[in-house]
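Pasting target_13.tsv here (TSV, C-alpha atoms):
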chain	number	residue	atom	x	y	z
A	1	MET	CA	0.00	0.00	0.00
A	2	ILE	CA	1.24	3.46	-0.93
A	3	LYS	CA	0.39	6.63	0.96
A	4	VAL	CA	1.73	10.02	-0.11
A	5	GLN	CA	0.55	12.54	2.43
A	6	GLU	CA	1.25	15.85	4.10
A	7	GLN	CA	0.20	14.82	7.60
A	8	GLY	CA	2.22	12.75	10.05
A	9	PHE	CA	1.65	9.08	10.85
A	10	ASP	CA	1.42	6.86	13.91
A	11	ILE	CA	4.04	4.12	13.52
A	12	GLY	CA	2.42	1.80	16.05
A	13	ALA	CA	-1.03	2.04	14.52
A	14	GLU	CA	0.31	1.58	10.98
A	15	LEU	CA	2.36	-1.49	11.89
A	16	ALA	CA	-0.46	-3.03	13.90
A	17	ALA	CA	-2.95	-2.55	11.07
A	18	MET	CA	-0.69	-4.47	8.67
A	19	THR	CA	-0.83	-7.69	10.66
A	20	GLU	CA	-4.24	-7.44	12.26
A	21	GLY	CA	-6.10	-10.72	11.86
A	22	ASN	CA	-3.28	-12.28	9.85
A	23	HIS	CA	-1.62	-14.92	11.97
A	24	SER	CA	0.54	-16.33	9.18
A	25	VAL	CA	2.91	-13.37	9.45
A	26	GLY	CA	6.09	-14.42	11.21
A	27	GLY	CA	8.12	-11.26	10.75
A	28	GLN	CA	7.60	-7.58	10.14
A	29	GLY	CA	10.38	-5.25	9.14
A	30	CYS	CA	10.28	-1.48	9.18
A	31	PHE	CA	12.41	1.56	8.53
A	32	VAL	CA	11.60	5.11	9.59
A	33	GLY	CA	13.36	8.12	8.06
A	34	LEU	CA	13.47	11.38	10.05
A	35	VAL	CA	14.55	14.97	9.47
A	36	ARG	CA	18.01	15.56	10.95
A	37	ASP	CA	18.93	18.84	12.60
A	38	MET	CA	22.35	19.07	10.97
A	39	ALA	CA	23.43	19.08	7.32
A	40	ASN	CA	26.93	19.98	6.11
A	41	GLU	CA	27.71	21.26	9.62
A	42	GLU	CA	24.81	23.67	9.47
A	43	GLN	CA	21.84	23.78	11.81
A	44	ILE	CA	18.66	22.97	9.91
A	45	SER	CA	15.45	24.70	10.98
A	46	ALA	CA	13.10	23.09	8.44
A	47	MET	CA	12.97	20.86	5.40
A	48	THR	CA	10.34	21.22	2.69
A	49	LEU	CA	9.68	18.24	0.48
A	50	GLU	CA	8.39	18.81	-3.01
A	51	HIS	CA	7.14	15.94	-5.14
A	52	TYR	CA	5.59	15.15	-8.51
A	53	PRO	CA	1.95	14.24	-7.79
A	54	GLY	CA	0.85	11.37	-10.00
A	55	MET	CA	4.32	10.18	-10.88
A	56	THR	CA	5.25	9.77	-7.20
A	57	GLU	CA	2.47	7.26	-6.64
A	58	LYS	CA	3.38	5.39	-9.84
A	59	GLN	CA	7.07	5.18	-8.94
A	60	LEU	CA	6.35	4.03	-5.40
A	61	ALA	CA	3.93	1.38	-6.69
A	62	ALA	CA	6.60	0.15	-9.13
A	63	ILE	CA	9.14	-0.06	-6.28
A	64	GLU	CA	6.63	-1.99	-4.17
A	65	GLU	CA	6.03	-4.38	-7.06
A	66	GLU	CA	9.76	-4.90	-7.50
A	67	ALA	CA	10.08	-5.82	-3.81
A	68	ARG	CA	7.18	-8.26	-4.08
A	69	ASN	CA	8.85	-9.90	-7.09
A	70	ARG	CA	12.10	-10.37	-5.20
A	71	TRP	CA	10.86	-11.53	-1.80
A	72	PRO	CA	7.90	-13.61	-0.63
A	73	LEU	CA	6.06	-10.72	1.03
A	74	GLN	CA	2.57	-10.72	2.46
A	75	ASP	CA	2.22	-6.97	2.66
A	76	VAL	CA	4.13	-3.80	1.85
A	77	LEU	CA	3.47	-0.32	3.23
A	78	ILE	CA	5.18	2.85	2.07
A	79	ILE	CA	4.17	6.17	3.63
A	80	HIS	CA	6.03	9.20	2.29
A	81	ARG	CA	5.32	12.72	3.45
A	82	TYR	CA	5.67	15.99	1.60
A	83	GLY	CA	5.42	19.63	2.63
A	84	ARG	CA	7.18	21.44	5.46
A	85	LEU	CA	8.84	19.31	8.14
A	86	GLU	CA	11.05	20.11	11.10
A	87	PRO	CA	13.97	18.27	12.70
A	88	GLY	CA	12.67	15.19	14.48
A	89	ASP	CA	9.67	14.83	12.18
A	90	ARG	CA	9.22	11.52	10.44
A	91	ILE	CA	9.47	11.69	6.65
A	92	VAL	CA	9.02	8.13	5.52
A	93	LEU	CA	7.90	4.72	6.78
A	94	VAL	CA	8.52	1.49	4.92
A	95	ALA	CA	7.24	-1.75	6.39
A	96	THR	CA	6.94	-5.29	5.11
A	97	THR	CA	5.52	-8.53	6.43
A	98	SER	CA	6.50	-12.06	5.55
A	99	THR	CA	6.48	-15.56	6.95
A	100	HIS	CA	10.12	-15.17	8.00
A	101	ARG	CA	12.44	-12.37	9.03
A	102	GLU	CA	14.97	-12.42	6.17
A	103	ALA	CA	12.44	-11.40	3.53
A	104	ALA	CA	10.95	-8.71	5.79
A	105	LEU	CA	14.28	-7.15	6.76
A	106	GLU	CA	16.02	-7.38	3.38
A	107	SER	CA	13.03	-6.02	1.46
A	108	CYS	CA	12.80	-3.00	3.82
A	109	HIS	CA	16.43	-2.20	3.17
A	110	PHE	CA	15.83	-2.54	-0.56
A	111	LEU	CA	12.73	-0.32	-0.46
A	112	ILE	CA	14.41	2.58	1.30
A	113	ASP	CA	17.52	2.34	-0.89
A	114	TRP	CA	15.45	2.49	-4.06
A	115	LEU	CA	13.18	5.24	-2.71
A	116	LYS	CA	16.18	7.50	-2.25
A	117	THR	CA	17.02	7.65	-5.94
A	118	LYS	CA	13.82	6.59	-7.74
A	119	ALA	CA	10.99	8.43	-5.98
A	120	PRO	CA	10.42	11.94	-7.36
A	121	PHE	CA	10.98	14.00	-4.22
A	122	TRP	CA	13.23	17.03	-3.76
A	123	LYS	CA	14.26	18.52	-0.45
A	124	LEU	CA	14.73	22.18	0.34
A	125	GLU	CA	16.59	22.80	3.60
A	126	ALA	CA	16.28	26.03	5.54
A	127	SER	CA	19.09	27.18	7.84
A	128	GLU	CA	20.36	30.50	9.25
A	129	THR	CA	22.23	31.15	6.02
A	130	GLY	CA	19.15	30.68	3.84
A	131	GLU	CA	17.56	27.92	1.82
A	132	SER	CA	19.33	25.30	-0.27
A	133	TRP	CA	18.30	22.25	-2.26
A	134	VAL	CA	19.65	18.95	-1.03
A	135	ALA	CA	21.90	17.43	-3.68
A	136	ALA	CA	21.64	13.77	-4.58
A	137	ARG	CA	24.50	11.81	-3.03
A	138	ASP	CA	26.71	9.31	-4.85
A	139	THR	CA	26.48	7.04	-1.81
A	140	ASP	CA	22.70	6.85	-2.34
A	141	ASP	CA	23.27	5.85	-5.98
A	142	ASP	CA	25.73	3.20	-4.82
A	143	ALA	CA	23.22	1.90	-2.25
A	144	ALA	CA	20.50	1.61	-4.90
A	145	GLU	CA	22.94	0.06	-7.36
A	146	ARG	CA	23.75	-2.66	-4.86
A	147	TRP	CA	20.26	-4.08	-5.47
A	148	ALA	CA	20.38	-3.61	-9.25
A	149	ALA	CA	21.19	-7.18	-10.26
A	150	PRO	CA	19.46	-9.70	-8.02
A	151	SER	CA	20.31	-12.59	-10.31
A	152	GLU	CA	24.05	-11.96	-9.87
A	153	ASN	CA	23.74	-11.73	-6.12
A	154	GLU	CA	21.88	-15.00	-6.07
A	155	LEU	CA	24.60	-16.59	-8.16
A	156	GLU	CA	27.21	-15.40	-5.68
A	157	LYS	CA	25.33	-17.02	-2.83
A	158	THR	CA	25.19	-20.43	-4.48
B	1	MET	CA	2.85	20.52	-24.48
B	2	GLN	CA	2.73	20.59	-20.69
B	3	LEU	CA	6.12	21.40	-19.14
B	4	LEU	CA	6.73	20.70	-15.45
B	5	TYR	CA	9.77	21.74	-13.44
B	6	PHE	CA	10.82	20.63	-9.96
B	7	GLY	CA	13.52	21.38	-7.38
B	8	TRP	CA	16.17	23.95	-8.29
B	9	ILE	CA	15.19	23.70	-11.94
B	10	ARG	CA	11.78	25.10	-10.94
B	11	THR	CA	13.23	27.87	-8.78
B	12	ARG	CA	15.74	28.94	-11.44
B	13	ILE	CA	13.15	28.98	-14.22
B	14	GLY	CA	10.69	30.74	-11.93
B	15	THR	CA	7.64	28.57	-12.54
B	16	GLY	CA	6.63	24.97	-11.88
B	17	ARG	CA	4.35	24.50	-14.85
B	18	GLU	CA	3.68	26.02	-18.23
B	19	THR	CA	2.06	25.13	-21.52
B	20	LEU	CA	4.24	25.71	-24.56
B	21	GLU	CA	4.10	24.89	-28.25
B	22	PRO	CA	7.61	24.13	-29.42
B	23	PRO	CA	8.31	24.32	-33.18
B	24	ALA	CA	7.75	21.18	-35.25
B	25	ASP	CA	11.45	20.34	-35.47
B	26	ILE	CA	11.61	19.79	-31.70
B	27	THR	CA	11.09	16.04	-31.64
B	28	ASN	CA	13.14	14.78	-28.71
B	29	VAL	CA	14.01	15.81	-25.15
B	30	LYS	CA	17.48	17.05	-26.00
B	31	THR	CA	16.30	19.46	-28.71
B	32	LEU	CA	13.48	20.60	-26.41
B	33	VAL	CA	15.98	21.46	-23.65
B	34	GLU	CA	18.17	23.37	-26.13
B	35	TRP	CA	15.10	25.30	-27.33
B	36	LEU	CA	14.04	26.07	-23.75
B	37	LYS	CA	17.51	27.44	-22.96
B	38	ASN	CA	16.88	30.24	-25.47
B	39	ARG	CA	13.80	31.40	-23.60
B	40	GLY	CA	15.74	33.44	-21.07
B	41	GLU	CA	18.46	33.67	-18.49
B	42	GLY	CA	16.62	31.57	-15.89
B	43	TYR	CA	16.17	28.73	-18.36
B	44	GLN	CA	19.80	28.99	-19.45
B	45	GLU	CA	20.94	28.79	-15.83
B	46	ALA	CA	18.57	25.93	-14.95
B	47	LEU	CA	19.35	23.76	-17.95
B	48	GLU	CA	23.05	24.48	-18.44
B	49	ASP	CA	24.37	21.12	-17.24
B	50	LEU	CA	22.58	18.21	-18.92
B	51	SER	CA	24.32	15.69	-16.65
B	52	VAL	CA	22.23	16.79	-13.67
B	53	ILE	CA	18.88	16.93	-15.46
B	54	ARG	CA	16.46	14.04	-15.24
B	55	VAL	CA	13.44	13.77	-17.52
B	56	ALA	CA	10.05	12.12	-17.36
B	57	VAL	CA	7.66	12.01	-20.32
B	58	ASN	CA	4.07	11.29	-19.33
B	59	GLN	CA	5.37	10.40	-15.84
B	60	GLU	CA	7.82	7.76	-17.08
B	61	MET	CA	11.59	8.24	-16.74
B	62	VAL	CA	13.29	8.60	-20.14
B	63	ASP	CA	16.70	9.41	-21.64
B	64	LEU	CA	17.58	12.69	-23.32
B	65	ASP	CA	17.15	11.16	-26.77
B	66	ALA	CA	13.55	10.07	-26.07
B	67	ALA	CA	10.94	11.25	-28.57
B	68	ILE	CA	8.31	13.81	-27.58
B	69	SER	CA	5.06	14.88	-29.19
B	70	PRO	CA	2.78	17.92	-28.78
B	71	GLY	CA	0.32	16.41	-26.28
B	72	ASP	CA	3.00	15.10	-23.92
B	73	GLU	CA	3.59	16.03	-20.29
B	74	VAL	CA	7.33	16.60	-20.02
B	75	ALA	CA	8.92	17.06	-16.60
B	76	LEU	CA	12.48	18.28	-16.03
B	77	PHE	CA	14.03	17.89	-12.58
B	78	PRO	CA	17.28	17.35	-10.66
B	79	PRO	CA	18.29	13.86	-9.46
B	80	MET	CA	15.64	12.64	-7.03
B	81	THR	CA	16.20	12.74	-3.27
B	82	GLY	CA	13.44	10.62	-1.74
B	83	GLY	CA	13.40	8.83	1.58
In structure tokens, how does this file's structure come out?
Amino acid sequence: MIKVQEQGFDIGAELAAMTEGNHSVGGQGCFVGLVRDMANEEQISAMTLEHYPGMTEKQLAAIEEEARNRWPLQDVLIIHRYGRLEPGDRIVLVATTSTHREAALESCHFLIDWLKTKAPFWKLEASETGESWVAARDTDDDAAERWAAPSENELEKT
Amino acid sequence: MQLLYFGWIRTRIGTGRETLEPPADITNVKTLVEWLKNRGEGYQEALEDLSVIRVAVNQEMVDLDAAISPGDEVALFPPMTGG
């Protein structure tokens, strides 16, 4: 399930709703991304997330589908916020459920790595010195790239 | 053609959305970007470095040599920073 929203979310309620009444779930993984108060040694007062309505939902759905193709998942939840956020605010929640923990944990890691470079969001940080757009980081590209060729990784394991 | 701009491309151009009718010889993303650059200083500044411009046509990611047609929604934006 994909939710792109301005308002905050209740992690406990969201996670509980995913498994309610489903007793075949053996593991639930989740990752929560938050707004940090420091960037490039500058104090951040706010972060405004802009996105591409329409395409955002499509991209997130494609990322969810990719995760479901790679791991035996029962459910996937991606909540991504937009608008003005402050340090300590939660930006994103990804959660997955599966029969066992490996699929739940690995797929969460995959989802957040792919979100970073494939979901059409842009971040504007405000600090004492003004506003600046957050640049994409090579390390995020590398993290996403790590998941690029599942077939090769599987070959390495065998 | 619907043009959409996001991130610093939007702020440099000065608008997030506009409807334009490029000439008939503008048939792919690259020639569209070159044509846009002639529309003013903000465009020139926003679109100077092609290596940091990402493009979606009708909400699908494409390369710079992708074809475009008059009814398309073309979005130009910096590398995405989700999560």
Which residues, written as a list in words, have at least one atom at most 6 Å from Val94 of chain A, with only C-alpha atoms counted and residues fewer than 6 positions away on the same chain left out?
->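 The residues that qualify are Cys30, Phe31, Leu77 and Ile78 of chain A.
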Rank nothing, just name the residue among B:Asp25, B:Glu34, B:Asp49, B:Glu60 nearest to chain A, using all atoms listed in the file.
->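 Using all atoms listed in the file, the shortest distance to chain A belongs to B:Glu60.
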Pick out the chain A residues within 7 Å of chain B. Count all atoms listed in the file. Give them as a PyMOL selection string.
-> chain A and resi 33+55+92+112+115-123+133+136
Suppose you want the space between atom CA of Ile13 of chain B and atom CA of Arg137 of chain A; what is it in Å?
->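 The value is 23.4 Å.
Between atom CA of Leu76 of chain B and atom CA of Ala126 of chain A lies a distance of 23.2 Å.
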Mind giving me the straight-line distance from atom CA of Glu41 of chain A to atom CA of Glu131 of chain A in Å, one decimal?
->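 Going from atom CA of Glu41 of chain A over to atom CA of Glu131 of chain A covers 14.4 Å.
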Find the residues around His100 of chain A up to 12 Å (all atoms listed in the file counted), leave out those fewer than 6 positions away in its own chain, and share them as an mmCIF file with C-alpha atoms, keeping the file's coordinate frame.
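Result written to around.cif:
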data_model
loop_
_atom_site.group_PDB
_atom_site.id
_atom_site.type_symbol
_atom_site.label_atom_id
_atom_site.label_comp_id
_atom_site.auth_asym_id
_atom_site.auth_seq_id
_atom_site.Cartn_x
_atom_site.Cartn_y
_atom_site.Cartn_z
ATOM 1 C CA SER A 24 0.540 -16.330 9.180
ATOM 2 C CA VAL A 25 2.910 -13.370 9.450
ATOM 3 C CA GLY A 26 6.090 -14.420 11.210
ATOM 4 C CA GLY A 27 8.120 -11.260 10.750
ATOM 5 C CA GLN A 28 7.600 -7.580 10.140
ATOM 6 C CA GLY A 29 10.380 -5.250 9.140
ATOM 7 C CA TRP A 71 10.860 -11.530 -1.800
ATOM 8 C CA PRO A 72 7.900 -13.610 -0.630
ATOM 9 C CA LEU A 73 6.060 -10.720 1.030
ATOM 10 C CA GLN A 74 2.570 -10.720 2.460
ATOM 11 C CA GLU A 106 16.020 -7.380 3.380
ATOM 12 C CA SER A 107 13.030 -6.020 1.460
#
N, CA and C atoms are what I want for segment 29-64 of chain A; can you complete it accordingly and write them as an mmCIF file, keeping the file's coordinate frame?
data_model
loop_
_atom_site.group_PDB
_atom_site.id
_atom_site.type_symbol
_atom_site.label_atom_id
_atom_site.label_comp_id
_atom_site.auth_asym_id
_atom_site.auth_seq_id
_atom_site.Cartn_x
_atom_site.Cartn_y
_atom_site.Cartn_z
ATOM 1 N N GLY A 29 9.233 -6.139 9.132
ATOM 2 C CA GLY A 29 10.380 -5.250 9.140
ATOM 3 C C GLY A 29 9.914 -3.831 8.926
ATOM 4 N N CYS A 30 10.633 -2.864 9.489
ATOM 5 C CA CYS A 30 10.280 -1.480 9.180
ATOM 6 C C CYS A 30 11.473 -0.559 9.255
ATOM 7 N N PHE A 31 11.398 0.515 8.495
ATOM 8 C CA PHE A 31 12.410 1.560 8.530
ATOM 9 C C PHE A 31 11.686 2.891 8.599
ATOM 10 N N VAL A 32 12.185 3.781 9.466
ATOM 11 C CA VAL A 32 11.600 5.110 9.590
ATOM 12 C C VAL A 32 12.683 6.146 9.303
ATOM 13 N N GLY A 33 12.423 7.041 8.365
ATOM 14 C CA GLY A 33 13.360 8.120 8.060
ATOM 15 C C GLY A 33 12.877 9.400 8.717
ATOM 16 N N LEU A 34 13.819 10.146 9.336
ATOM 17 C CA LEU A 34 13.470 11.380 10.050
ATOM 18 C C LEU A 34 14.294 12.560 9.537
ATOM 19 N N VAL A 35 13.817 13.752 9.819
ATOM 20 C CA VAL A 35 14.550 14.970 9.470
ATOM 21 C C VAL A 35 15.644 15.192 10.514
ATOM 22 N N ARG A 36 16.884 15.272 10.051
ATOM 23 C CA ARG A 36 18.010 15.560 10.950
ATOM 24 C C ARG A 36 18.144 17.057 11.185
ATOM 25 N N ASP A 37 18.787 17.408 12.314
ATOM 26 C CA ASP A 37 18.930 18.840 12.600
ATOM 27 C C ASP A 37 20.233 19.429 12.056
ATOM 28 N N MET A 38 21.087 18.560 11.504
ATOM 29 C CA MET A 38 22.350 19.070 10.970
ATOM 30 C C MET A 38 22.542 18.595 9.532
ATOM 31 N N ALA A 39 23.063 19.471 8.684
ATOM 32 C CA ALA A 39 23.430 19.080 7.320
ATOM 33 C C ALA A 39 24.634 19.922 6.924
ATOM 34 N N ASN A 40 25.699 19.272 6.484
ATOM 35 C CA ASN A 40 26.930 19.980 6.110
ATOM 36 C C ASN A 40 27.369 20.959 7.203
ATOM 37 N N GLU A 41 27.304 20.483 8.441
ATOM 38 C CA GLU A 41 27.710 21.260 9.620
ATOM 39 C C GLU A 41 26.883 22.520 9.823
ATOM 40 N N GLU A 42 25.704 22.538 9.253
ATOM 41 C CA GLU A 42 24.810 23.670 9.470
ATOM 42 C C GLU A 42 23.561 23.210 10.206
ATOM 43 N N GLN A 43 23.061 24.074 11.078
ATOM 44 C CA GLN A 43 21.840 23.780 11.810
ATOM 45 C C GLN A 43 20.641 23.959 10.889
ATOM 46 N N ILE A 44 19.833 22.912 10.786
ATOM 47 C CA ILE A 44 18.660 22.970 9.910
ATOM 48 C C ILE A 44 17.418 23.339 10.727
ATOM 49 N N SER A 45 16.664 24.317 10.256
ATOM 50 C CA SER A 45 15.450 24.700 10.980
ATOM 51 C C SER A 45 14.205 24.043 10.381
ATOM 52 N N ALA A 46 14.248 23.732 9.085
ATOM 53 C CA ALA A 46 13.100 23.090 8.440
ATOM 54 C C ALA A 46 13.533 22.451 7.122
ATOM 55 N N MET A 47 12.736 21.477 6.700
ATOM 56 C CA MET A 47 12.970 20.860 5.400
ATOM 57 C C MET A 47 11.629 20.771 4.682
ATOM 58 N N THR A 48 11.584 21.283 3.455
ATOM 59 C CA THR A 48 10.340 21.220 2.690
ATOM 60 C C THR A 48 10.506 20.229 1.544
ATOM 61 N N LEU A 49 9.618 19.256 1.536
ATOM 62 C CA LEU A 49 9.680 18.240 0.480
ATOM 63 C C LEU A 49 8.669 18.548 -0.612
ATOM 64 N N GLU A 50 9.223 18.603 -1.829
ATOM 65 C CA GLU A 50 8.390 18.810 -3.010
ATOM 66 C C GLU A 50 8.307 17.468 -3.735
ATOM 67 N N HIS A 51 7.192 17.181 -4.378
ATOM 68 C CA HIS A 51 7.140 15.940 -5.140
ATOM 69 C C HIS A 51 6.330 16.135 -6.415
ATOM 70 N N TYR A 52 6.246 15.090 -7.204
ATOM 71 C CA TYR A 52 5.590 15.150 -8.510
ATOM 72 C C TYR A 52 4.304 14.324 -8.406
ATOM 73 N N PRO A 53 3.205 14.970 -8.002
ATOM 74 C CA PRO A 53 1.950 14.240 -7.790
ATOM 75 C C PRO A 53 1.585 13.441 -9.049
ATOM 76 N N GLY A 54 1.178 12.218 -8.850
ATOM 77 C CA GLY A 54 0.850 11.370 -10.000
ATOM 78 C C GLY A 54 2.009 10.432 -10.273
ATOM 79 N N MET A 55 3.152 11.022 -10.611
ATOM 80 C CA MET A 55 4.320 10.180 -10.880
ATOM 81 C C MET A 55 4.850 9.556 -9.580
ATOM 82 N N THR A 56 4.765 10.300 -8.485
ATOM 83 C CA THR A 56 5.250 9.770 -7.200
ATOM 84 C C THR A 56 4.555 8.459 -6.869
ATOM 85 N N GLU A 57 3.234 8.456 -6.960
ATOM 86 C CA GLU A 57 2.470 7.260 -6.640
ATOM 87 C C GLU A 57 2.836 6.102 -7.571
ATOM 88 N N LYS A 58 3.009 6.429 -8.864
ATOM 89 C CA LYS A 58 3.380 5.390 -9.840
ATOM 90 C C LYS A 58 4.744 4.798 -9.524
ATOM 91 N N GLN A 59 5.707 5.660 -9.217
ATOM 92 C CA GLN A 59 7.070 5.180 -8.940
ATOM 93 C C GLN A 59 7.090 4.330 -7.681
ATOM 94 N N LEU A 60 6.367 4.789 -6.654
ATOM 95 C CA LEU A 60 6.350 4.030 -5.400
ATOM 96 C C LEU A 60 5.671 2.669 -5.617
ATOM 97 N N ALA A 61 4.617 2.644 -6.419
ATOM 98 C CA ALA A 61 3.930 1.380 -6.690
ATOM 99 C C ALA A 61 4.859 0.425 -7.453
ATOM 100 N N ALA A 62 5.657 0.983 -8.360
ATOM 101 C CA ALA A 62 6.600 0.150 -9.130
ATOM 102 C C ALA A 62 7.680 -0.414 -8.197
ATOM 103 N N ILE A 63 8.122 0.402 -7.240
ATOM 104 C CA ILE A 63 9.140 -0.060 -6.280
ATOM 105 C C ILE A 63 8.552 -1.149 -5.381
ATOM 106 N N GLU A 64 7.301 -0.951 -4.970
ATOM 107 C CA GLU A 64 6.630 -1.990 -4.170
ATOM 108 C C GLU A 64 6.545 -3.302 -4.968
#
